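Student: Questions regarding the structure given below will be posed in turn.
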Amino acid sequence: MIIKRFEGKVAVVSGASQGIGRAIALRLAREGAKVAFFDIAEAPAMKVVEEIKAAGSEGYCEVVNSKDGAKIQAFVKNVIAKFGTIDVLVNSVGADVSKPFLALTEAEIDNSIAINLKGHAMLTQAVVGMCMKEKKYGKIVTISSDAAHTGQANSSMYAACKSGILGLSRTWAREFVRYAINVNVVCPGPTLTPAMQKWAEVDPKNFEATKAGIPMRRLAEPDDIASAVAYLVSDDASYITGQALSVNGGLYMH
């Protein structure tokens with residue numbers, strides 16, 4: 001039996017066409033939320049809208065690049081016009097460039113910051129400023145990574161931006177508490193996203209070594225991350241704010 005913790009609620013999830021974002025959108029939909037999201041991949045996004053409908057809820061999506069602040073603002077306005085409000089925000093967009101730091105170009109550095117940090121800031125500013133501040137209610141979770149705690153070779157800007165998410169979110173938690181908005185972070189460990197599955201095919205030896213290093217002897221499934229997010233954006237977590245929850249099977253223990 002599925003508990004409908006989000007009946008009557010509206011959730012916004014960025015980057016929900018696949019992987020962790022898709023799992024979060026579907027989990028919230030199954031628990032009763034209407035789910036709006038944006039992504040740059042139109043065809044997969046429309047499939048997720050149909051999956052949300054199949055889960056018994058209502059979905060809405062737009063093709064938006066998370067680097068485009070004006071389109072993010074317009075998207076948030078459209079969601080409020082369609083659904084009347086926004087109760088939950090999950091910042092889930094992420095992108096990585098696997099390259100040694102000394103080999104990165106200025107354009108790659110700028111692009112990583114725009115996608116992995118600036119986009120989250122722009123979306124959160126829009127949702128809180130247009131809706132949550134006035135209604136004095138909101139739940140925000142941003143997806144970071146355990147790379148924020150440990151660093152990650154050949155992913156320097158990704159790790160840096162994921163660390164930045166921790167600082168941003170803790171500041172938001174302090175600033176937004178007056179509006180009864182909870183702000184938290186989920187830090188996934190290695191997770192079986194499409195990108196990870198491609199890596200498993202290209203480099204099976206290192207993939208198996210990574211899996212063997214996890215105490216639970218498996219990588220996370222996207223649904224494992226979605227479960228943590230669903231808890232933190234529910235009223236069950238009403239006294240939790242400014243926290244970072246690692247979901248990594250015990251790989252890193254902080």
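As shown in the structure tokens, the chain order sets the letters A, B, ...; within each chain, residues go from 1, and ligands are also counted from 1 in the order they appear.
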Near range 14-28 of chain A, counting only C-alpha atoms, which residues have an atom at most 9 Å away, once you skip same-chain residues fewer than 2 positions from it, shown as a tab-separated table (two decimals) with N, CA, C and O atoms, in the first residue's frame?

Tutor:
chain	number	residue	atom	x	y	z
A	4	LYS	N	-0.01	8.18	0.62
A	4	LYS	CA	-0.09	9.39	-0.21
A	4	LYS	C	0.32	10.60	0.63
A	4	LYS	O	-0.51	11.46	0.98
A	5	ARG	N	1.62	10.70	0.92
A	5	ARG	CA	2.10	11.81	1.74
A	5	ARG	C	2.01	13.16	1.04
A	5	ARG	O	2.03	14.20	1.70
A	6	PHE	N	1.91	13.15	-0.29
A	6	PHE	CA	1.94	14.40	-1.04
A	6	PHE	C	0.64	14.69	-1.77
A	6	PHE	O	0.62	15.45	-2.73
A	11	ALA	N	4.96	19.50	-6.83
A	11	ALA	CA	6.41	19.38	-6.76
A	11	ALA	C	7.05	19.81	-8.08
A	11	ALA	O	6.54	19.50	-9.15
A	12	VAL	N	8.18	20.50	-7.98
A	12	VAL	CA	9.00	20.83	-9.14
A	12	VAL	C	10.31	20.06	-9.01
A	12	VAL	O	10.95	20.08	-7.95
A	30	ARG	N	3.73	8.94	-7.35
A	30	ARG	CA	3.06	7.78	-6.76
A	30	ARG	C	2.50	8.10	-5.38
A	30	ARG	O	1.51	7.50	-4.96
A	31	GLU	N	3.13	9.03	-4.69
A	31	GLU	CA	2.65	9.41	-3.36
A	31	GLU	C	1.68	10.59	-3.42
A	31	GLU	O	1.36	11.19	-2.40
A	32	GLY	N	1.21	10.92	-4.62
A	32	GLY	CA	0.10	11.86	-4.74
A	32	GLY	C	0.42	13.24	-5.26
A	32	GLY	O	-0.50	14.04	-5.51
A	33	ALA	N	1.68	13.60	-5.45
A	33	ALA	CA	2.03	14.95	-5.89
A	33	ALA	C	1.78	15.14	-7.38
A	33	ALA	O	2.00	14.23	-8.18
A	34	LYS	N	1.34	16.33	-7.74
A	34	LYS	CA	1.42	16.77	-9.13
A	34	LYS	C	2.86	17.19	-9.36
A	34	LYS	O	3.44	17.89	-8.53
A	35	VAL	N	3.44	16.77	-10.47
A	35	VAL	CA	4.87	16.97	-10.68
A	35	VAL	C	5.13	17.76	-11.95
A	35	VAL	O	4.71	17.36	-13.04
A	36	ALA	N	5.83	18.88	-11.80
A	36	ALA	CA	6.28	19.68	-12.94
A	36	ALA	C	7.80	19.59	-13.00
A	36	ALA	O	8.47	19.62	-11.97
A	37	PHE	N	8.32	19.50	-14.20
A	37	PHE	CA	9.77	19.42	-14.32
A	37	PHE	C	10.22	20.00	-15.65
A	37	PHE	O	9.43	20.20	-16.56
A	38	PHE	N	11.51	20.28	-15.73
A	38	PHE	CA	12.08	20.67	-17.01
A	38	PHE	C	13.32	19.84	-17.29
A	38	PHE	O	13.95	19.29	-16.40
A	39	ASP	N	13.65	19.77	-18.57
A	39	ASP	CA	14.81	19.02	-19.01
A	39	ASP	C	15.17	19.51	-20.41
A	39	ASP	O	14.36	20.19	-21.05
A	40	ILE	N	16.36	19.18	-20.86
A	40	ILE	CA	16.74	19.55	-22.23
A	40	ILE	C	16.41	18.45	-23.23
A	40	ILE	O	16.47	18.68	-24.44
A	41	ALA	N	16.07	17.27	-22.73
A	41	ALA	CA	15.78	16.12	-23.61
A	41	ALA	C	14.27	15.95	-23.72
A	41	ALA	O	13.62	15.40	-22.83
A	42	GLU	N	13.70	16.43	-24.83
A	42	GLU	CA	12.24	16.50	-24.95
A	42	GLU	C	11.57	15.12	-25.01
A	42	GLU	O	10.60	14.87	-24.29
A	43	ALA	N	12.07	14.23	-25.87
A	43	ALA	CA	11.40	12.93	-26.04
A	43	ALA	C	11.38	12.12	-24.75
A	43	ALA	O	10.31	11.63	-24.34
A	44	PRO	N	12.51	11.94	-24.05
A	44	PRO	CA	12.45	11.21	-22.78
A	44	PRO	C	11.58	11.91	-21.74
A	44	PRO	O	10.91	11.26	-20.94
A	45	ALA	N	11.58	13.25	-21.75
A	45	ALA	CA	10.77	14.00	-20.78
A	45	ALA	C	9.28	13.72	-20.99
A	45	ALA	O	8.53	13.54	-20.01
A	46	MET	N	8.84	13.67	-22.24
A	46	MET	CA	7.43	13.40	-22.50
A	46	MET	C	7.05	11.99	-22.06
A	46	MET	O	5.92	11.75	-21.62
A	47	LYS	N	7.99	11.06	-22.16
A	47	LYS	CA	7.72	9.70	-21.66
A	47	LYS	C	7.52	9.72	-20.15
A	47	LYS	O	6.67	8.99	-19.62
A	48	VAL	N	8.29	10.55	-19.45
A	48	VAL	CA	8.14	10.64	-18.00
A	48	VAL	C	6.79	11.25	-17.63
A	48	VAL	O	6.15	10.83	-16.67
A	49	VAL	N	6.32	12.22	-18.41
A	49	VAL	CA	4.98	12.77	-18.18
A	49	VAL	C	3.94	11.66	-18.26
A	49	VAL	O	3.02	11.58	-17.42
A	51	GLU	N	4.49	8.50	-17.72
A	51	GLU	CA	4.69	7.63	-16.55
A	51	GLU	C	4.06	8.24	-15.30
A	51	GLU	O	3.52	7.53	-14.46
A	52	ILE	N	4.12	9.55	-15.18
A	52	ILE	CA	3.49	10.23	-14.05
A	52	ILE	C	1.98	10.03	-14.11
A	52	ILE	O	1.32	9.75	-13.10
A	55	ALA	N	1.04	6.69	-13.05
A	55	ALA	CA	1.14	6.54	-11.59
A	55	ALA	C	-0.06	7.16	-10.88
A	55	ALA	O	-0.14	7.12	-9.65
A	66	SER	N	19.05	24.42	-18.04
A	66	SER	CA	19.21	24.92	-16.67
A	66	SER	C	20.18	26.09	-16.59
A	66	SER	O	20.30	26.73	-15.54
A	89	LEU	N	10.40	21.56	-3.97
A	89	LEU	CA	11.39	21.78	-5.02
A	89	LEU	C	12.54	20.81	-4.84
A	89	LEU	O	13.13	20.73	-3.76
A	90	VAL	N	12.87	20.09	-5.92
A	90	VAL	CA	14.04	19.21	-5.92
A	90	VAL	C	14.95	19.64	-7.07
A	90	VAL	O	14.58	19.53	-8.24
A	91	ASN	N	16.12	20.14	-6.72
A	91	ASN	CA	17.13	20.51	-7.70
A	91	ASN	C	17.95	19.27	-8.03
A	91	ASN	O	18.76	18.83	-7.23
A	92	SER	N	17.74	18.72	-9.22
A	92	SER	CA	18.34	17.42	-9.54
A	92	SER	C	19.25	17.44	-10.76
A	92	SER	O	19.93	16.45	-11.03
A	93	VAL	N	19.28	18.54	-11.51
A	93	VAL	CA	20.12	18.59	-12.71
A	93	VAL	C	21.60	18.44	-12.34
A	93	VAL	O	22.05	19.00	-11.34
A	94	GLY	N	22.33	17.71	-13.15
A	94	GLY	CA	23.77	17.59	-12.92
A	94	GLY	C	24.47	17.12	-14.18
A	94	GLY	O	23.89	16.42	-15.01
A	120	HIS	N	20.79	25.78	-10.14
A	120	HIS	CA	20.06	25.49	-8.91
A	120	HIS	C	19.73	26.78	-8.17
A	120	HIS	O	18.64	26.93	-7.60
A	123	LEU	N	16.82	28.58	-10.04
A	123	LEU	CA	15.52	27.92	-9.85
A	123	LEU	C	15.01	28.12	-8.43
A	123	LEU	O	13.83	28.41	-8.21
A	191	THR	N	25.80	5.48	-8.19
A	191	THR	CA	24.40	5.15	-8.44
A	191	THR	C	24.23	4.66	-9.87
A	191	THR	O	24.84	5.21	-10.80
A	192	LEU	N	23.40	3.67	-10.08
A	192	LEU	CA	23.21	3.06	-11.40
A	192	LEU	C	22.34	3.94	-12.30
A	192	LEU	O	21.22	3.58	-12.67
A	193	THR	N	22.86	5.08	-12.65
A	193	THR	CA	22.24	5.95	-13.64
A	193	THR	C	22.66	5.47	-15.04
A	193	THR	O	23.56	4.64	-15.17
A	194	PRO	N	22.03	5.99	-16.09
A	194	PRO	CA	22.48	5.61	-17.44
A	194	PRO	C	23.96	5.88	-17.67
A	194	PRO	O	24.64	5.08	-18.32
A	195	ALA	N	24.48	6.99	-17.14
A	195	ALA	CA	25.90	7.28	-17.31
A	195	ALA	C	26.78	6.23	-16.62
A	195	ALA	O	27.81	5.80	-17.16
A	221	GLU	N	20.49	2.20	-6.43
A	221	GLU	CA	19.53	2.36	-7.51
A	221	GLU	C	18.97	3.78	-7.42
A	221	GLU	O	18.90	4.35	-6.32
A	222	PRO	N	18.54	4.37	-8.52
A	222	PRO	CA	17.92	5.69	-8.44
A	222	PRO	C	16.78	5.76	-7.42
A	222	PRO	O	16.58	6.78	-6.76
A	223	ASP	N	16.04	4.67	-7.27
A	223	ASP	CA	14.94	4.64	-6.30
A	223	ASP	C	15.44	4.78	-4.86
A	223	ASP	O	14.71	5.27	-3.99
A	224	ASP	N	16.67	4.34	-4.58
A	224	ASP	CA	17.23	4.53	-3.24
A	224	ASP	C	17.39	6.01	-2.94
A	224	ASP	O	17.14	6.47	-1.81
A	225	ILE	N	17.83	6.77	-3.92
A	225	ILE	CA	17.98	8.21	-3.75
A	225	ILE	C	16.61	8.87	-3.63
A	225	ILE	O	16.39	9.75	-2.79
A	226	ALA	N	15.67	8.42	-4.46
A	226	ALA	CA	14.32	8.98	-4.42
A	226	ALA	C	13.65	8.78	-3.07
A	226	ALA	O	12.93	9.66	-2.59
A	227	SER	N	13.91	7.65	-2.43
A	227	SER	CA	13.32	7.39	-1.12
A	227	SER	C	13.81	8.40	-0.08
A	227	SER	O	13.04	8.90	0.75
A	229	VAL	N	14.97	11.43	-0.72
A	229	VAL	CA	14.40	12.73	-1.06
A	229	VAL	C	12.95	12.82	-0.61
A	229	VAL	O	12.53	13.84	-0.02
A	230	ALA	N	12.18	11.78	-0.87
A	230	ALA	CA	10.77	11.79	-0.49
A	230	ALA	C	10.60	11.99	1.01
A	230	ALA	O	9.69	12.71	1.45

Student: Please provide the set of residues having any atom within 12 Å of Tyr239 in chain A, restricted to only C-alpha atoms, with same-chain residues fewer than 5 positions apart removed, written as a compact mmCIF listing (two decimals) with all heavy atoms, in the first residue's frame.

Tutor:
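Here's the written file around.txt:
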# COMPACT_ATOMS: atom_id res chain seq x y z
N LYS A 139 9.40 22.84 0.93
CA LYS A 139 10.41 21.81 1.16
C LYS A 139 11.36 21.82 -0.03
O LYS A 139 10.92 21.67 -1.18
CB LYS A 139 9.77 20.42 1.29
CG LYS A 139 8.63 20.33 2.29
CD LYS A 139 9.12 20.45 3.72
CE LYS A 139 7.96 20.24 4.70
NZ LYS A 139 8.40 20.41 6.11
N ALA A 173 18.89 27.44 4.21
CA ALA A 173 18.18 26.94 5.40
C ALA A 173 18.08 28.02 6.47
O ALA A 173 17.04 28.18 7.12
CB ALA A 173 18.89 25.70 5.94
N VAL A 177 14.25 29.88 6.92
CA VAL A 177 13.54 29.29 8.04
C VAL A 177 12.42 30.21 8.52
O VAL A 177 11.37 29.75 9.01
CB VAL A 177 14.51 28.96 9.20
CG1 VAL A 177 15.07 30.22 9.86
CG2 VAL A 177 13.85 28.04 10.23
N ALA A 180 9.18 29.29 7.04
CA ALA A 180 8.77 27.89 7.28
C ALA A 180 9.13 27.00 6.09
O ALA A 180 8.36 26.12 5.68
CB ALA A 180 7.28 27.79 7.59
N ILE A 181 10.32 27.23 5.53
CA ILE A 181 10.84 26.43 4.42
C ILE A 181 12.00 25.59 4.93
O ILE A 181 12.95 26.12 5.52
CB ILE A 181 11.31 27.33 3.27
CG1 ILE A 181 10.14 28.15 2.71
CG2 ILE A 181 11.95 26.49 2.16
CD1 ILE A 181 10.57 29.23 1.72
N ASN A 182 11.91 24.29 4.74
CA ASN A 182 12.99 23.38 5.09
C ASN A 182 13.89 23.17 3.88
O ASN A 182 13.40 22.98 2.77
CB ASN A 182 12.45 22.01 5.52
CG ASN A 182 11.59 22.09 6.76
OD1 ASN A 182 10.49 22.64 6.72
ND2 ASN A 182 12.07 21.53 7.85
N VAL A 183 15.20 23.21 4.09
CA VAL A 183 16.17 23.04 3.01
C VAL A 183 17.19 21.99 3.41
O VAL A 183 17.85 22.12 4.44
CB VAL A 183 16.90 24.36 2.70
CG1 VAL A 183 17.86 24.17 1.52
CG2 VAL A 183 15.92 25.49 2.43
N ASN A 184 17.32 20.96 2.58
CA ASN A 184 18.27 19.89 2.87
C ASN A 184 18.96 19.42 1.58
O ASN A 184 18.60 19.85 0.49
CB ASN A 184 17.57 18.72 3.58
CG ASN A 184 17.11 19.09 4.97
OD1 ASN A 184 17.92 19.28 5.87
ND2 ASN A 184 15.80 19.23 5.16
N TYR A 231 11.46 11.38 1.80
CA TYR A 231 11.39 11.59 3.25
C TYR A 231 11.67 13.04 3.60
O TYR A 231 10.92 13.67 4.36
CB TYR A 231 12.39 10.68 3.97
CG TYR A 231 12.58 11.06 5.42
CD1 TYR A 231 11.55 10.94 6.34
CD2 TYR A 231 13.80 11.57 5.86
CE1 TYR A 231 11.72 11.32 7.67
CE2 TYR A 231 13.99 11.94 7.18
CZ TYR A 231 12.95 11.81 8.08
OH TYR A 231 13.12 12.20 9.38
N LEU A 232 12.74 13.61 3.04
CA LEU A 232 13.15 14.96 3.43
C LEU A 232 12.17 16.04 2.96
O LEU A 232 12.13 17.12 3.57
CB LEU A 232 14.55 15.25 2.89
CG LEU A 232 15.69 14.53 3.62
CD1 LEU A 232 17.01 14.75 2.89
CD2 LEU A 232 15.81 14.98 5.08
N VAL A 233 11.42 15.79 1.89
CA VAL A 233 10.44 16.80 1.45
C VAL A 233 9.05 16.52 2.00
O VAL A 233 8.10 17.24 1.68
CB VAL A 233 10.39 16.92 -0.09
CG1 VAL A 233 11.74 17.35 -0.64
CG2 VAL A 233 9.91 15.63 -0.75
N SER A 234 8.93 15.52 2.86
CA SER A 234 7.66 15.23 3.48
C SER A 234 7.56 15.95 4.83
O SER A 234 8.56 16.41 5.39
CB SER A 234 7.49 13.72 3.70
OG SER A 234 8.30 13.30 4.80

Student: Do you know which residues are at most 12 Å from Glu208 in chain A counting only C-alpha atoms, after dropping those on the same chain fewer than 4 positions away, and could you put them as a list in words?

Tutor: Pro190, Met196, Gln197, Trp199, Ala200, Glu201, Val202, Asp203, Pro204, Ala212, Gly213, Ile214, Arg217, Arg218 and Leu219 of chain A

Student: Write down as a list in words the residues belonging to range 36-212 of chain A that are assigned strand (DSSP E) by DSSP computed on the backbone.

Tutor: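 Here are the strand (DSSP E) residues of range 36-212 of chain A: Ala36, Phe37, Phe38, Asp39, Gly59, Tyr60, Cys61, Glu62, Val63, Val88, Leu89, Val90, Asn91, Gly138, Lys139, Ile140, Val141, Thr142, Ile143, Ile181, Asn182, Val183, Asn184, Val185, Val186, Cys187 and Pro188 of chain A.
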
Student: Please extract the residues of range 33-187 of chain A with a backbone DSSP assignment of helix (DSSP H, G or I) and present them as a VMD selection string.

Tutor: chain A and resid 42 to 54 69 to 83 101 to 103 106 to 135 147 to 150 156 to 179

Student: Which residues, written as JSON, numbers by chain, have at least one atom at most 8 Å from Asp96 in chain A, with only C-alpha atoms counted and residues fewer than 6 positions away on the same chain left out?

Tutor: {"A": [112, 155, 157, 158]}

Student: Please provide as a ChimeraX atom specification all residues within 9 Å of Gly69 in chain A, with the sequence filter that same-chain residues fewer than 2 positions apart are discarded (counting only C-alpha atoms).

Tutor: /A:65-67,71-74,118-119,122-123

Student: Output N, CA, C and O atoms for every residue in the selection just made, as a PDB file, in the first residue's frame.

Tutor:
ATOM      1  N   ASN A  65      16.869  24.725 -20.696  1.00  0.00           N
ATOM      2  CA  ASN A  65      18.272  24.534 -20.333  1.00  0.00           C
ATOM      3  C   ASN A  65      18.492  25.175 -18.969  1.00  0.00           C
ATOM      4  O   ASN A  65      18.151  26.345 -18.770  1.00  0.00           O
ATOM      5  N   SER A  66      19.051  24.421 -18.040  1.00  0.00           N
ATOM      6  CA  SER A  66      19.214  24.923 -16.674  1.00  0.00           C
ATOM      7  C   SER A  66      20.184  26.095 -16.588  1.00  0.00           C
ATOM      8  O   SER A  66      20.302  26.728 -15.539  1.00  0.00           O
ATOM      9  N   LYS A  67      20.877  26.419 -17.690  1.00  0.00           N
ATOM     10  CA  LYS A  67      21.770  27.569 -17.716  1.00  0.00           C
ATOM     11  C   LYS A  67      21.034  28.859 -18.077  1.00  0.00           C
ATOM     12  O   LYS A  67      21.608  29.942 -17.998  1.00  0.00           O
ATOM     13  N   LYS A  71      14.434  31.525 -18.924  1.00  0.00           N
ATOM     14  CA  LYS A  71      13.501  30.419 -19.177  1.00  0.00           C
ATOM     15  C   LYS A  71      13.119  29.711 -17.880  1.00  0.00           C
ATOM     16  O   LYS A  71      12.000  29.201 -17.754  1.00  0.00           O
ATOM     17  N   ILE A  72      14.033  29.671 -16.928  1.00  0.00           N
ATOM     18  CA  ILE A  72      13.690  29.110 -15.620  1.00  0.00           C
ATOM     19  C   ILE A  72      12.596  29.943 -14.956  1.00  0.00           C
ATOM     20  O   ILE A  72      11.624  29.409 -14.416  1.00  0.00           O
ATOM     21  N   GLN A  73      12.749  31.274 -15.006  1.00  0.00           N
ATOM     22  CA  GLN A  73      11.723  32.165 -14.448  1.00  0.00           C
ATOM     23  C   GLN A  73      10.378  31.929 -15.125  1.00  0.00           C
ATOM     24  O   GLN A  73       9.341  31.829 -14.463  1.00  0.00           O
ATOM     25  N   ALA A  74      10.390  31.829 -16.444  1.00  0.00           N
ATOM     26  CA  ALA A  74       9.147  31.614 -17.182  1.00  0.00           C
ATOM     27  C   ALA A  74       8.524  30.268 -16.838  1.00  0.00           C
ATOM     28  O   ALA A  74       7.296  30.156 -16.693  1.00  0.00           O
ATOM     29  N   LYS A 118      24.889  27.349 -10.637  1.00  0.00           N
ATOM     30  CA  LYS A 118      24.095  28.537 -10.945  1.00  0.00           C
ATOM     31  C   LYS A 118      22.640  28.188 -11.246  1.00  0.00           C
ATOM     32  O   LYS A 118      21.722  28.878 -10.789  1.00  0.00           O
ATOM     33  N   GLY A 119      22.420  27.117 -12.012  1.00  0.00           N
ATOM     34  CA  GLY A 119      21.051  26.738 -12.355  1.00  0.00           C
ATOM     35  C   GLY A 119      20.203  26.448 -11.135  1.00  0.00           C
ATOM     36  O   GLY A 119      19.028  26.832 -11.062  1.00  0.00           O
ATOM     37  N   MET A 122      19.317  29.786  -9.491  1.00  0.00           N
ATOM     38  CA  MET A 122      18.284  30.515 -10.222  1.00  0.00           C
ATOM     39  C   MET A 122      16.896  29.905 -10.004  1.00  0.00           C
ATOM     40  O   MET A 122      15.914  30.624  -9.814  1.00  0.00           O
ATOM     41  N   LEU A 123      16.816  28.576 -10.043  1.00  0.00           N
ATOM     42  CA  LEU A 123      15.519  27.922  -9.848  1.00  0.00           C
ATOM     43  C   LEU A 123      15.013  28.116  -8.428  1.00  0.00           C
ATOM     44  O   LEU A 123      13.834  28.413  -8.215  1.00  0.00           O
TER      45      LEU A 123
END

Student: Could you check how far CA of Lys136 in chain A sits from CA of Tyr179 in chain A, in Å to one decimal?

Tutor: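 It comes out at 4.5 Å.
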
Student: Mind checking which residues fall within 10 Å of Asn111 in chain A, counting only C-alpha atoms, ignoring those fewer than 3 positions away in the same chain, and posting them as a list in words?

Tutor: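 Returned residues: Lys67, Ala95, Asp96, Val97, Thr105, Glu106, Ala107, Glu108, Ala114, Ile115, Asn116, Leu117, Lys118 and Met157 of chain A.
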
Student: Let me see the file: selected residues, C-alpha atoms, as an mmCIF file, in the first residue's frame.

Tutor:
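Contents of again-v3.cif, as written:
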data_model
loop_
_atom_site.group_PDB
_atom_site.id
_atom_site.type_symbol
_atom_site.label_atom_id
_atom_site.label_comp_id
_atom_site.auth_asym_id
_atom_site.auth_seq_id
_atom_site.Cartn_x
_atom_site.Cartn_y
_atom_site.Cartn_z
ATOM 1 C CA LYS A 67 21.770 27.569 -17.716
ATOM 2 C CA ALA A 95 26.518 17.084 -15.481
ATOM 3 C CA ASP A 96 30.139 15.980 -15.272
ATOM 4 C CA VAL A 97 33.205 16.301 -17.483
ATOM 5 C CA THR A 105 39.148 24.589 -20.793
ATOM 6 C CA GLU A 106 37.655 27.833 -19.543
ATOM 7 C CA ALA A 107 34.438 26.985 -21.385
ATOM 8 C CA GLU A 108 34.207 23.611 -19.612
ATOM 9 C CA ALA A 114 26.364 27.078 -14.836
ATOM 10 C CA ILE A 115 24.739 23.636 -14.812
ATOM 11 C CA ASN A 116 25.726 22.280 -11.408
ATOM 12 C CA LEU A 117 25.480 25.418 -9.293
ATOM 13 C CA LYS A 118 24.095 28.537 -10.945
ATOM 14 C CA MET A 157 34.598 21.136 -11.157
#

Student: Could you pull the residues within 10 Å of Ala148 in chain A, counting only C-alpha atoms, minus those fewer than 5 positions along the same chain, as a PyMOL selection string?

Tutor: chain A and resi 156+158-166+187
